[in-house]
Structure formats: structure tokens, C-alpha cells
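Quick look at start-v2.cif (mmCIF, C-alpha atoms and all ligand atoms):
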data_target
#
loop_
_atom_site.group_PDB
_atom_site.id
_atom_site.type_symbol
_atom_site.label_atom_id
_atom_site.label_comp_id
_atom_site.auth_asym_id
_atom_site.auth_seq_id
_atom_site.Cartn_x
_atom_site.Cartn_y
_atom_site.Cartn_z
ATOM 1 C CA MET T 1 7.428 -15.291 -8.667
ATOM 2 C CA LYS T 2 7.014 -15.404 -12.457
ATOM 3 C CA LYS T 3 9.168 -12.803 -14.175
ATOM 4 C CA ASP T 4 6.196 -11.097 -15.827
ATOM 5 C CA ARG T 5 4.548 -10.600 -12.431
ATOM 6 C CA LEU T 6 7.493 -8.881 -10.750
ATOM 7 C CA ARG T 7 8.899 -5.526 -11.778
ATOM 8 C CA ILE T 8 11.567 -3.383 -10.180
ATOM 9 C CA ILE T 9 11.666 0.334 -10.934
ATOM 10 C CA VAL T 10 14.610 2.377 -9.649
ATOM 11 C CA GLU T 11 14.340 6.147 -9.635
ATOM 12 C CA GLU T 12 17.273 8.495 -9.010
ATOM 13 C CA ASP T 13 16.031 9.982 -5.740
ATOM 14 C CA GLU T 14 13.021 10.402 -3.472
ATOM 15 C CA GLU T 15 11.582 13.207 -5.591
ATOM 16 C CA ALA T 16 11.658 11.113 -8.777
ATOM 17 C CA LEU T 17 10.263 8.170 -6.786
ATOM 18 C CA SER T 18 7.300 10.256 -5.611
ATOM 19 C CA GLU T 19 6.647 11.567 -9.119
ATOM 20 C CA ARG T 20 6.679 8.014 -10.509
ATOM 21 C CA GLY T 21 4.377 6.821 -7.722
ATOM 22 C CA ALA T 22 1.862 9.565 -8.514
ATOM 23 C CA ARG T 23 2.064 8.657 -12.223
ATOM 24 C CA LEU T 24 1.445 4.965 -11.467
ATOM 25 C CA PHE T 25 -1.568 5.930 -9.327
ATOM 26 C CA GLU T 26 -2.929 7.977 -12.243
ATOM 27 C CA GLU T 27 -2.255 5.270 -14.864
ATOM 28 C CA LYS T 28 -3.884 2.518 -12.802
ATOM 29 C CA ALA T 29 -6.860 4.745 -11.977
ATOM 30 C CA ILE T 30 -7.470 5.566 -15.657
ATOM 31 C CA GLU T 31 -7.153 1.900 -16.645
ATOM 32 C CA ALA T 32 -9.489 0.631 -13.895
ATOM 33 C CA ALA T 33 -12.070 3.360 -14.497
ATOM 34 C CA LYS T 34 -12.084 2.557 -18.227
ATOM 35 C CA ARG T 35 -12.338 -1.220 -17.757
ATOM 36 C CA ARG T 36 -14.544 -1.467 -14.677
ATOM 37 C CA GLY T 37 -15.863 2.005 -13.918
ATOM 38 C CA GLN T 38 -14.239 2.014 -10.479
ATOM 39 C CA PHE T 39 -10.705 2.276 -9.038
ATOM 40 C CA PHE T 40 -10.234 0.613 -5.658
ATOM 41 C CA VAL T 41 -6.936 1.702 -4.085
ATOM 42 C CA ALA T 42 -5.406 1.292 -0.612
ATOM 43 C CA LEU T 43 -2.777 3.775 0.565
ATOM 44 C CA SER T 44 0.152 2.917 2.793
ATOM 45 C CA GLY T 45 1.065 4.910 5.867
ATOM 46 C CA GLY T 46 4.320 6.191 7.280
ATOM 47 C CA SER T 47 6.433 8.986 5.829
ATOM 48 C CA THR T 48 7.598 7.647 2.436
ATOM 49 C CA PRO T 49 4.319 8.022 0.534
ATOM 50 C CA ARG T 50 3.592 11.577 1.722
ATOM 51 C CA ALA T 51 5.591 13.308 -1.037
ATOM 52 C CA MET T 52 3.750 11.131 -3.579
ATOM 53 C CA HIS T 53 0.369 11.977 -2.002
ATOM 54 C CA ARG T 54 1.180 15.701 -2.235
ATOM 55 C CA ARG T 55 1.639 15.288 -5.996
ATOM 56 C CA LEU T 56 -1.752 13.677 -6.625
ATOM 57 C CA PRO T 57 -3.707 16.971 -6.899
ATOM 58 C CA PHE T 58 -1.395 17.887 -9.792
ATOM 59 C CA ARG T 59 -2.013 14.715 -11.835
ATOM 60 C CA PRO T 60 -4.530 16.087 -14.337
ATOM 61 C CA SER T 61 -6.135 12.855 -15.506
ATOM 62 C CA ILE T 62 -6.985 11.005 -12.299
ATOM 63 C CA PRO T 63 -10.724 10.158 -12.614
ATOM 64 C CA TRP T 64 -11.511 11.012 -8.988
ATOM 65 C CA LYS T 65 -15.239 10.306 -9.453
ATOM 66 C CA ALA T 66 -14.317 6.640 -10.008
ATOM 67 C CA VAL T 67 -11.892 6.364 -7.079
ATOM 68 C CA HIS T 68 -12.620 4.560 -3.817
ATOM 69 C CA LEU T 69 -9.854 5.353 -1.307
ATOM 70 C CA PHE T 70 -8.950 2.885 1.433
ATOM 71 C CA TRP T 71 -5.945 2.393 3.746
ATOM 72 C CA GLY T 72 -3.708 -0.628 4.175
ATOM 73 C CA ASP T 73 -3.298 0.124 7.848
ATOM 74 C CA GLU T 74 -3.993 2.793 10.444
ATOM 75 C CA ARG T 75 -2.820 3.733 13.890
ATOM 76 C CA CYS T 76 -5.641 3.794 16.451
ATOM 77 C CA VAL T 77 -5.228 7.484 17.261
ATOM 78 C CA PRO T 78 -7.481 10.520 16.638
ATOM 79 C CA MET T 79 -7.630 11.556 12.956
ATOM 80 C CA ASP T 80 -5.965 14.875 13.787
ATOM 81 C CA HIS T 81 -3.113 13.138 15.645
ATOM 82 C CA PRO T 82 0.316 13.530 13.936
ATOM 83 C CA SER T 83 0.569 9.711 13.711
ATOM 84 C CA SER T 84 -2.735 9.256 11.863
ATOM 85 C CA ASN T 85 -2.228 7.928 8.326
ATOM 86 C CA TYR T 86 -5.654 9.278 7.341
ATOM 87 C CA GLY T 87 -4.830 12.643 8.938
ATOM 88 C CA ALA T 88 -1.619 12.860 6.909
ATOM 89 C CA ALA T 89 -3.449 12.016 3.658
ATOM 90 C CA ARG T 90 -6.153 14.585 4.413
ATOM 91 C CA GLU T 91 -3.457 17.210 4.909
ATOM 92 C CA ASP T 92 -1.458 16.114 1.854
ATOM 93 C CA PHE T 93 -4.176 15.786 -0.827
ATOM 94 C CA ILE T 94 -7.681 14.734 0.175
ATOM 95 C CA GLY T 95 -8.904 18.276 0.706
ATOM 96 C CA LYS T 96 -7.416 19.302 -2.673
ATOM 97 C CA VAL T 97 -9.070 16.799 -5.030
ATOM 98 C CA PRO T 98 -12.723 16.373 -6.113
ATOM 99 C CA LEU T 99 -13.201 13.086 -4.235
ATOM 100 C CA PRO T 100 -16.694 12.736 -2.718
ATOM 101 C CA ALA T 101 -16.752 11.914 1.006
ATOM 102 C CA GLU T 102 -18.692 8.689 0.393
ATOM 103 C CA ARG T 103 -15.711 7.394 -1.612
ATOM 104 C CA ILE T 104 -13.214 7.952 1.214
ATOM 105 C CA HIS T 105 -12.977 4.982 3.602
ATOM 106 C CA PRO T 106 -10.693 5.704 6.584
ATOM 107 C CA MET T 107 -10.145 2.846 9.014
ATOM 108 C CA PRO T 108 -12.289 3.322 12.175
ATOM 109 C CA SER T 109 -9.377 4.255 14.412
ATOM 110 C CA ARG T 110 -11.422 5.522 17.353
ATOM 111 C CA MET T 111 -13.411 2.343 18.050
ATOM 112 C CA PRO T 112 -12.076 -0.458 20.266
ATOM 113 C CA PRO T 113 -9.582 -2.038 17.783
ATOM 114 C CA GLY T 114 -11.286 -5.431 17.578
ATOM 115 C CA ARG T 115 -14.590 -3.813 16.681
ATOM 116 C CA GLY T 116 -12.834 -1.445 14.276
ATOM 117 C CA ALA T 117 -11.326 -4.415 12.415
ATOM 118 C CA LEU T 118 -14.744 -6.050 12.025
ATOM 119 C CA GLY T 119 -16.239 -2.730 10.936
ATOM 120 C CA TYR T 120 -13.638 -2.253 8.211
ATOM 121 C CA GLU T 121 -14.143 -5.803 6.975
ATOM 122 C CA LYS T 122 -17.836 -4.964 6.539
ATOM 123 C CA GLU T 123 -16.908 -1.753 4.666
ATOM 124 C CA LEU T 124 -14.559 -3.668 2.342
ATOM 125 C CA LYS T 125 -17.270 -6.229 1.560
ATOM 126 C CA ARG T 126 -19.918 -3.498 1.093
ATOM 127 C CA VAL T 127 -17.865 -1.376 -1.292
ATOM 128 C CA LEU T 128 -15.643 -3.854 -3.131
ATOM 129 C CA GLY T 129 -18.085 -6.725 -3.117
ATOM 130 C CA LEU T 130 -16.506 -10.133 -3.067
ATOM 131 C CA GLU T 131 -14.423 -11.853 -5.719
ATOM 132 C CA GLN T 132 -14.489 -15.612 -6.099
ATOM 133 C CA GLY T 133 -13.062 -17.084 -2.941
ATOM 134 C CA ASP T 134 -14.868 -14.312 -1.079
ATOM 135 C CA LEU T 135 -11.947 -11.916 -1.093
ATOM 136 C CA PRO T 136 -12.209 -8.231 -2.006
ATOM 137 C CA ARG T 137 -9.890 -7.405 -4.910
ATOM 138 C CA PHE T 138 -8.125 -4.040 -4.930
ATOM 139 C CA ASP T 139 -6.895 -2.604 -8.206
ATOM 140 C CA LEU T 140 -3.858 -1.207 -6.415
ATOM 141 C CA ILE T 141 -2.386 -1.473 -2.929
ATOM 142 C CA PHE T 142 0.534 0.745 -1.942
ATOM 143 C CA LEU T 143 2.853 -0.725 0.681
ATOM 144 C CA GLY T 144 5.740 0.595 2.723
ATOM 145 C CA LEU T 145 8.607 -1.437 4.126
ATOM 146 C CA GLY T 146 9.965 -1.174 7.644
ATOM 147 C CA ARG T 147 13.619 -1.889 8.449
ATOM 148 C CA ASP T 148 12.420 -4.971 10.340
ATOM 149 C CA GLY T 149 10.684 -6.279 7.224
ATOM 150 C CA HIS T 150 7.160 -5.346 8.249
ATOM 151 C CA THR T 151 4.651 -4.020 5.776
ATOM 152 C CA ALA T 152 1.296 -2.404 6.487
ATOM 153 C CA SER T 153 1.056 -3.228 10.208
ATOM 154 C CA LEU T 154 2.055 -6.867 9.733
ATOM 155 C CA PHE T 155 5.035 -7.172 12.053
ATOM 156 C CA PRO T 156 7.598 -9.981 12.360
ATOM 157 C CA GLY T 157 7.093 -12.262 15.353
ATOM 158 C CA GLN T 158 3.365 -11.552 15.582
ATOM 159 C CA ASP T 159 0.389 -13.736 14.574
ATOM 160 C CA ALA T 160 -1.134 -11.252 12.119
ATOM 161 C CA PRO T 161 1.185 -12.068 9.161
ATOM 162 C CA GLY T 162 -0.014 -15.699 9.395
ATOM 163 C CA GLU T 163 -3.720 -14.727 9.466
ATOM 164 C CA CYS T 164 -5.409 -16.457 6.543
ATOM 165 C CA ARG T 165 -9.127 -15.997 7.227
ATOM 166 C CA ARG T 166 -9.733 -12.453 8.449
ATOM 167 C CA LEU T 167 -9.521 -9.499 6.025
ATOM 168 C CA VAL T 168 -8.596 -6.934 8.691
ATOM 169 C CA VAL T 169 -7.072 -7.490 12.147
ATOM 170 C CA ALA T 170 -6.128 -5.399 15.165
ATOM 171 C CA VAL T 171 -2.505 -5.507 16.313
ATOM 172 C CA LYS T 172 -0.179 -3.514 18.557
ATOM 173 C CA GLY T 173 3.356 -2.553 17.670
ATOM 174 C CA GLY T 174 5.543 -0.572 15.318
ATOM 175 C CA ASP T 175 6.747 2.983 15.699
ATOM 176 C CA PRO T 176 4.714 4.516 17.251
ATOM 177 C CA ASP T 177 4.004 1.434 19.375
ATOM 178 C CA VAL T 178 0.218 1.789 19.407
ATOM 179 C CA ALA T 179 -2.852 -0.269 18.609
ATOM 180 C CA ARG T 180 -3.331 -0.537 14.844
ATOM 181 C CA LEU T 181 -5.676 -1.943 12.228
ATOM 182 C CA THR T 182 -4.206 -3.659 9.178
ATOM 183 C CA LEU T 183 -5.269 -5.469 6.025
ATOM 184 C CA THR T 184 -4.101 -9.090 6.050
ATOM 185 C CA PHE T 185 -2.202 -10.985 3.351
ATOM 186 C CA PRO T 186 -5.307 -12.694 1.916
ATOM 187 C CA VAL T 187 -6.526 -9.227 0.875
ATOM 188 C CA ILE T 188 -3.099 -7.840 -0.087
ATOM 189 C CA ASN T 189 -2.364 -10.882 -2.271
ATOM 190 C CA GLN T 190 -5.736 -10.637 -4.020
ATOM 191 C CA ALA T 191 -4.782 -7.223 -5.465
ATOM 192 C CA ARG T 192 -4.334 -6.683 -9.193
ATOM 193 C CA GLU T 193 -1.142 -4.843 -8.290
ATOM 194 C CA ALA T 194 0.813 -4.242 -5.090
ATOM 195 C CA ILE T 195 3.446 -1.503 -5.132
ATOM 196 C CA PHE T 196 6.165 -1.244 -2.501
ATOM 197 C CA MET T 197 7.456 2.326 -2.394
ATOM 198 C CA VAL T 198 10.796 2.392 -0.552
ATOM 199 C CA SER T 199 13.448 5.090 -0.255
ATOM 200 C CA GLY T 200 16.690 5.624 1.593
ATOM 201 C CA ARG T 201 19.930 3.809 2.331
ATOM 202 C CA ASP T 202 18.613 2.647 5.714
ATOM 203 C CA LYS T 203 16.173 0.358 3.852
ATOM 204 C CA ALA T 204 18.770 -1.137 1.423
ATOM 205 C CA LYS T 205 19.522 -4.196 3.585
ATOM 206 C CA VAL T 206 15.881 -5.148 4.138
ATOM 207 C CA VAL T 207 15.065 -4.522 0.441
ATOM 208 C CA ARG T 208 17.797 -7.032 -0.477
ATOM 209 C CA ALA T 209 16.591 -9.518 2.188
ATOM 210 C CA VAL T 210 13.030 -9.418 0.869
ATOM 211 C CA ILE T 211 13.716 -9.312 -2.882
ATOM 212 C CA GLU T 212 16.825 -11.510 -3.152
ATOM 213 C CA ALA T 213 16.696 -13.749 -0.092
ATOM 214 C CA SER T 214 12.899 -13.924 0.120
ATOM 215 C CA ASP T 215 13.469 -14.232 3.845
ATOM 216 C CA ARG T 216 10.154 -15.734 5.002
ATOM 217 C CA ARG T 217 10.722 -14.432 8.537
ATOM 218 C CA LEU T 218 10.066 -10.992 7.072
ATOM 219 C CA PRO T 219 6.345 -10.341 6.561
ATOM 220 C CA ALA T 220 7.029 -8.268 3.414
ATOM 221 C CA SER T 221 8.339 -11.472 1.762
ATOM 222 C CA ARG T 222 4.786 -12.818 1.859
ATOM 223 C CA VAL T 223 3.501 -10.192 -0.579
ATOM 224 C CA ARG T 224 2.901 -12.298 -3.701
ATOM 225 C CA PRO T 225 -0.234 -11.227 -5.573
ATOM 226 C CA ALA T 226 -1.806 -14.539 -6.661
ATOM 227 C CA ARG T 227 -3.378 -13.012 -9.784
ATOM 228 C CA GLY T 228 -1.511 -9.773 -10.011
ATOM 229 C CA VAL T 229 1.717 -7.834 -10.319
ATOM 230 C CA LEU T 230 4.236 -6.968 -7.606
ATOM 231 C CA THR T 231 6.074 -3.724 -8.269
ATOM 232 C CA TRP T 232 9.060 -2.496 -6.296
ATOM 233 C CA LEU T 233 9.394 1.261 -6.706
ATOM 234 C CA LEU T 234 12.761 2.155 -5.186
ATOM 235 C CA ASP T 235 15.124 5.079 -5.159
ATOM 236 C CA ARG T 236 18.800 4.445 -5.937
ATOM 237 C CA GLU T 237 19.765 4.363 -2.254
ATOM 238 C CA ALA T 238 17.159 1.769 -1.290
ATOM 239 C CA ALA T 239 18.203 -0.333 -4.321
ATOM 240 C CA SER T 240 21.938 0.115 -3.662
ATOM 241 C CA LEU T 241 22.587 -3.453 -2.366
ATOM 242 C CA LEU T 242 20.662 -5.282 -5.102
ATOM 243 C CA LYS T 243 22.649 -7.342 -7.604
ATOM 244 C CA GLU T 244 22.786 -6.285 -11.284
ATOM 245 C CA LYS T 245 21.034 -9.576 -12.104
ATOM 246 C CA THR T 246 18.120 -8.628 -9.864
ATOM 247 C CA LEU T 247 17.877 -5.130 -11.314
ATOM 248 C CA ASN T 248 17.853 -6.549 -14.844
ATOM 249 C CA GLN T 249 14.432 -8.020 -14.076
ATOM 250 C CA ARG T 250 13.071 -4.560 -14.796
HETATM 251 C C1 LIG T 301 2.537 2.455 9.043
HETATM 252 C C2 LIG T 301 2.922 1.968 7.679
HETATM 253 C C3 LIG T 301 4.156 1.150 7.724
HETATM 254 C C4 LIG T 301 5.161 1.959 6.926
HETATM 255 C C5 LIG T 301 6.561 1.453 7.113
HETATM 256 C C6 LIG T 301 7.558 2.385 6.419
HETATM 257 O O1 LIG T 301 1.393 2.864 9.210
HETATM 258 O O2 LIG T 301 3.430 2.478 9.901
HETATM 259 O O3 LIG T 301 1.986 1.514 6.908
HETATM 260 O O4 LIG T 301 4.041 -0.123 7.174
HETATM 261 O O5 LIG T 301 4.797 1.899 5.549
HETATM 262 O O6 LIG T 301 6.819 1.426 8.502
HETATM 263 O O7 LIG T 301 7.430 3.652 7.020
HETATM 264 P P1 LIG T 301 8.290 4.916 6.477
HETATM 265 O O8 LIG T 301 7.792 5.194 5.109
HETATM 266 O O9 LIG T 301 7.955 6.014 7.455
HETATM 267 O O10 LIG T 301 9.725 4.472 6.511
#

As C-alpha cells, what does this structure read like?
Amino acid sequence: MKKDRLRIIVEEDEEALSERGARLFEEKAIEAAKRRGQFFVALSGGSTPRAMHRRLPFRPSIPWKAVHLFWGDERCVPMDHPSSNYGAAREDFIGKVPLPAERIHPMPSRMPPGRGALGYEKELKRVLGLEQGDLPRFDLIFLGLGRDGHTASLFPGQDAPGECRRLVVAVKGGDPDVARLTLTFPVINQAREAIFMVSGRDKAKVVRAVIEASDRRLPASRVRPARGVLTWLLDREAASLLKEKTLNQR
């Protein structure tokens, strides 16, 4: 990936990581709202982003009236289930910011998964419209990284990471091992910016495998925004196995 399209930010700890993530959200939202009047963002699930989400209500300049909120993936469970990514976001910030309901686009997690995937594709096309090549283009997509190298709900050894036509697919797997909906790489790699937010020593090995070895068996290695920037936002522990040379790309 060209040097100017890859950046690595290392923060001291998870708290500083979350603060930086909230600041990046705010900066990208302001920029997109100014340039295009809208900010299309997809949140990642799991536990890492929750501290960042809880900081969003305290970022004074986020232009919420220009924000359209989507998800990169969702577990097919009720929205009030502890594993629901939407449910977690609603608890962490959605109810505390002036974001109109019609700008919040949870994945349809209660439909049969195949139908839910088609429904979300329609929602993406309706709201984001279609860029050339008929792909919706997010301003920002947040991504997490699993120890097995998955991102969103694109898991190693499954077909979904190789999907090149569909925008959203239904899969089963992960922890919890449930049915899920996930954006596919054609959409992820159309983003203006994709940000991996990763913390903790238990992720250091897979961070190195994806960033330094570009191990293609790991779905996260396929995140390469074609016309955008890839940002790795790491805490010191998650970055602890990266070479100095890699870190100097910052
Ligand atoms: C999901 C996530 C998934 C997550 C990683 C990291 O819904 O499971 O989108 O891709 O980001 O598994 O999860 P943690 O942040 O909990 O380690």
C-alpha cells in the first residue's frame, strides 16, 4: 500500500486510544459535512470500540444532523441482547446525542439472515446512493480485529471474505457463534478511510501478521481502501511486536 495511504497511530493505553478514536470520528464528520453535507460512517462491533463510543456525546463539534450511522456487522440477536452491536451503541451514546432516528441504520438482525442482508443492501443503496462502479462509499468505516485475523464478521476459512459482488452477506461464526450480517470487502475497500481500532497484548501477534506479513489467509489483510486511507489506531500493547521500521511509517 502506498505510504501516504497507510498510517499507524500508537496511543499509550486503551483510554488514550478511545479518546483519539472519538477525535478522529469528530474530525472526519466535520470534514465530510463541510465538503459534502453528509457524513456516512459504519461502526464496528465487539468490545474495543465501546469506550470510544461512550466519548462521542462529549465531542462538542460533531455535526450530528449530517451524520448517517451504519454498522459494519451485526449479530442476529434481539437489539436488547447483550451481544447486539446496535444495542451496545444505543446504550453507549445513541440516546445521548441529537441524532434523528431516520439517520440511524441498524442492520435488520431479527429477519431471516439472508433476507436481512438483502434488506441492508437496499438501505445502503437508498441512503448512500451509488458511486461509480455501483458501490456505496463510506466516509469512514471503523473495524475491529479478532485474534484469528477476522474483521467485521469476515472470518478466515469462510466464503464471505472472497465475496466480490454482494455488499452485505449473512454468515455464521465468531464469538458468540451466531448468525451475523456483515459488509463485504467491496464496500469496505470503497471507503474514504478505514480505521482499525485494536488494543491489548493478546492482539499483538495478529496485528504484526496483518501489518507486516500481510498474511492473505487473514481476512483483515484484505482491507486496502482502493481510493482511501487505511489507519491503524493501536495502543502500545497491541503495537508491541511491530518493528521500529513499521512504526516509522506514522
Ligand atoms: C463483531 C465485531 C468483530 C470485532 C472483533 C474484535 O461484531 O464481533 O465486529 O469484528 O470487531 O472480533 O472484537 P473485540 O473488540 O471485542 O476484541

>> Taking only C-alpha atoms and all ligand atoms into account, which residues have an atom no farther than 8 Å from ligand LIG 301 (chain T)? I'd like them as JSON, numbers by chain.
In response: {"T": [44, 45, 46, 47, 48, 49, 72, 73, 74, 75, 85, 143, 144, 145, 146, 147, 150, 151, 152, 153, 154, 174, 175, 176, 198, 199]}

>> Rounded to one decimal, what separation in Å do you get between atom CA of Ala88 of chain T and atom CA of Trp71 of chain T?
In response: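 Between atom CA of Ala88 of chain T and atom CA of Trp71 of chain T the gap works out to 11.8 Å.
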
Residues of segment 92-125 of chain T that approach segment 19-43 of chain T to 10 Å or less, counting only C-alpha atoms: could you list each one with the shortest pair of atoms and its distance in Å to one decimal, rows by chain and increasing residue number, as a tab-separated table?
residue	atom	partner	partner_atom	distance
T:Arg103	CA	T:Phe40	CA	9.6
T:His105	CA	T:Ala42	CA	9.4
T:Pro106	CA	T:Ala42	CA	10.0

>> Let me make sure I understand: among T:Met52, T:Ile62, T:Ile9, T:Met111, which one has the smallest atom-to-atom distance to Asp92 of chain T if we use all atoms listed in the file?
In response: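 Comparing T:Met52, T:Ile62, T:Ile9, T:Met111 against Asp92 of chain T, the winner is T:Met52.
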
> Selected by the PyMOL selection byres (((chain T and resi 127-129) around 12) and not hetatm) in the shown coordinates: which residues, as a PyMOL selection string?
Replying inline: chain T and resi 36+38-42+67-70+102-105+120-126+130-139+187+191

>> As a check of understanding, name the residues that the PyMOL selection byres (((chain T and resi 114) around 9) and not hetatm) selects in the supplied structure, as a PyMOL selection string.
In response: chain T and resi 111-113+115-119+169-171+181

Let me have the centre and edge lengths in Å, one decimal, of the box along x, y and z around every listed atom of segment 150-156 of chain T with 5 Å of margin on each side, as lines of an AutoDock Vina configuration file.
center_x = 4.3
center_y = -6.2
center_z = 9.1
size_x = 16.5
size_y = 17.6
size_z = 16.6

> Can you list what the PyMOL selection byres (((chain T and resi 184) around 8) and not hetatm) grabs from this structure, as a list in words?
Replying inline: Leu154, Ala160, Pro161, Glu163, Cys164, Arg166, Leu167, Val168, Val169, Thr182, Leu183, Phe185, Pro186, Val187 and Ile188 of chain T

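Residues in contact with Leu233 of chain T at 7 Å, where only C-alpha atoms are counted and same-chain residues fewer than 4 positions away are skipped, are listed as Ile8, Ile9, Val10, Leu17, Ile195, Phe196, Met197 and Val198 of chain T.
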
> Quick one, how far is atom CA of Ala238 of chain T from atom CA of Ala204 of chain T?
Replying inline: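 Going from atom CA of Ala238 of chain T over to atom CA of Ala204 of chain T, I get 4.3 Å.
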
> Which residue out of T:Asp4, T:Val77, T:Lys96, T:Arg55 has the minimum interatomic distance to Asp177 of chain T when only C-alpha atoms are used?
Replying inline: T:Val77

>> Set the distance at 9 Å and use all atoms listed in the file: which residues neighbour Ala226 of chain T once local chain neighbours fewer than 6 positions away are removed? I'd like the list as a list in words.
In response: Asn189, Gln190, Ala191 and Arg192 of chain T

> How many Å lie between atom CA of Ala239 of chain T and atom CA of Val207 of chain T, rounded to one decimal?
Replying inline: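 Between atom CA of Ala239 of chain T and atom CA of Val207 of chain T the gap works out to 7.1 Å.
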
> So, counting all atoms listed in the file, which residue among T:Val97, T:Arg201, T:Leu247, T:Arg5 is closest to Pro225 of chain T?
Replying inline: T:Arg5

> Around (10.8, -9.5, 4.8) in the file's own coordinates, what residues are found within 7 Å if you use all atoms listed in the file, given back as a PyMOL selection string?
Replying inline: chain T and resi 149-150+206+209-210+214-221

> Which residue gives the smallest distance to Ala66 of chain T among T:Asp159, T:Lys245, T:Pro100, T:Ile94, with all atoms listed in the file counted?
Replying inline: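 Ranked by minimum distance to Ala66 of chain T, first place goes to T:Pro100.
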
What lies within 7 Å of Cys76 of chain T using all atoms listed in the file, ignoring chain neighbours under 4 positions off, as a PDB file with C-alpha atoms, keeping the file's coordinate frame?
ATOM      1  CA  SER T 109      -9.377   4.255  14.412  1.00  0.00           C
ATOM      2  CA  ARG T 110     -11.422   5.522  17.353  1.00  0.00           C
ATOM      3  CA  VAL T 178       0.218   1.789  19.407  1.00  0.00           C
ATOM      4  CA  ALA T 179      -2.852  -0.269  18.609  1.00  0.00           C
ATOM      5  CA  ARG T 180      -3.331  -0.537  14.844  1.00  0.00           C
TER       6      ARG T 180
END

N, CA, C and O atoms are what I want for segment 134-151 of chain T; can you complete it accordingly and write them as a short mmCIF file (atom, residue, chain, number, x, y, z; two decimals), in the coordinates of the input?
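After the write, rebuild.cif holds the following:
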data_model
loop_
_atom_site.label_atom_id
_atom_site.label_comp_id
_atom_site.auth_asym_id
_atom_site.auth_seq_id
_atom_site.Cartn_x
_atom_site.Cartn_y
_atom_site.Cartn_z
N ASP T 134 -14.41 -15.22 -2.13
CA ASP T 134 -14.87 -14.31 -1.08
C ASP T 134 -13.79 -13.37 -0.59
O ASP T 134 -13.64 -13.11 0.60
N LEU T 135 -12.94 -12.90 -1.51
CA LEU T 135 -11.95 -11.92 -1.09
C LEU T 135 -12.11 -10.64 -1.91
O LEU T 135 -12.20 -10.71 -3.14
N PRO T 136 -12.14 -9.48 -1.24
CA PRO T 136 -12.21 -8.23 -2.01
C PRO T 136 -10.92 -8.05 -2.81
O PRO T 136 -9.83 -8.41 -2.34
N ARG T 137 -11.06 -7.51 -4.03
CA ARG T 137 -9.89 -7.40 -4.91
C ARG T 137 -9.62 -5.93 -5.23
O ARG T 137 -10.40 -5.29 -5.95
N PHE T 138 -8.53 -5.42 -4.64
CA PHE T 138 -8.12 -4.04 -4.93
C PHE T 138 -7.47 -3.96 -6.30
O PHE T 138 -6.82 -4.92 -6.75
N ASP T 139 -7.65 -2.82 -6.96
CA ASP T 139 -6.90 -2.60 -8.21
C ASP T 139 -5.43 -2.32 -7.88
O ASP T 139 -4.53 -2.73 -8.59
N LEU T 140 -5.23 -1.61 -6.76
CA LEU T 140 -3.86 -1.21 -6.42
C LEU T 140 -3.74 -1.07 -4.89
O LEU T 140 -4.62 -0.48 -4.27
N ILE T 141 -2.70 -1.65 -4.35
CA ILE T 141 -2.39 -1.47 -2.93
C ILE T 141 -0.95 -0.95 -2.82
O ILE T 141 -0.02 -1.58 -3.33
N PHE T 142 -0.81 0.22 -2.21
CA PHE T 142 0.53 0.74 -1.94
C PHE T 142 1.00 0.17 -0.61
O PHE T 142 0.21 0.06 0.34
N LEU T 143 2.27 -0.17 -0.55
CA LEU T 143 2.85 -0.72 0.68
C LEU T 143 4.16 -0.03 1.00
O LEU T 143 4.92 0.34 0.09
N GLY T 144 4.42 0.12 2.30
CA GLY T 144 5.74 0.60 2.72
C GLY T 144 6.52 -0.60 3.25
O GLY T 144 6.00 -1.72 3.33
N LEU T 145 7.76 -0.36 3.60
CA LEU T 145 8.61 -1.44 4.13
C LEU T 145 9.38 -0.91 5.32
O LEU T 145 10.07 0.11 5.21
N GLY T 146 9.21 -1.58 6.46
CA GLY T 146 9.96 -1.17 7.64
C GLY T 146 11.33 -1.85 7.65
O GLY T 146 11.51 -2.89 7.00
N ARG T 147 12.26 -1.30 8.40
CA ARG T 147 13.62 -1.89 8.45
C ARG T 147 13.59 -3.31 9.01
O ARG T 147 14.46 -4.12 8.76
N ASP T 148 12.53 -3.61 9.76
CA ASP T 148 12.42 -4.97 10.34
C ASP T 148 11.68 -5.92 9.40
O ASP T 148 11.36 -7.05 9.74
N GLY T 149 11.35 -5.43 8.21
CA GLY T 149 10.68 -6.28 7.22
C GLY T 149 9.18 -6.28 7.35
O GLY T 149 8.50 -7.05 6.67
N HIS T 150 8.64 -5.39 8.20
CA HIS T 150 7.16 -5.35 8.25
C HIS T 150 6.63 -4.58 7.05
O HIS T 150 7.33 -3.77 6.44
N THR T 151 5.36 -4.83 6.76
CA THR T 151 4.65 -4.02 5.78
C THR T 151 3.21 -3.86 6.26
O THR T 151 2.73 -4.70 7.03
#
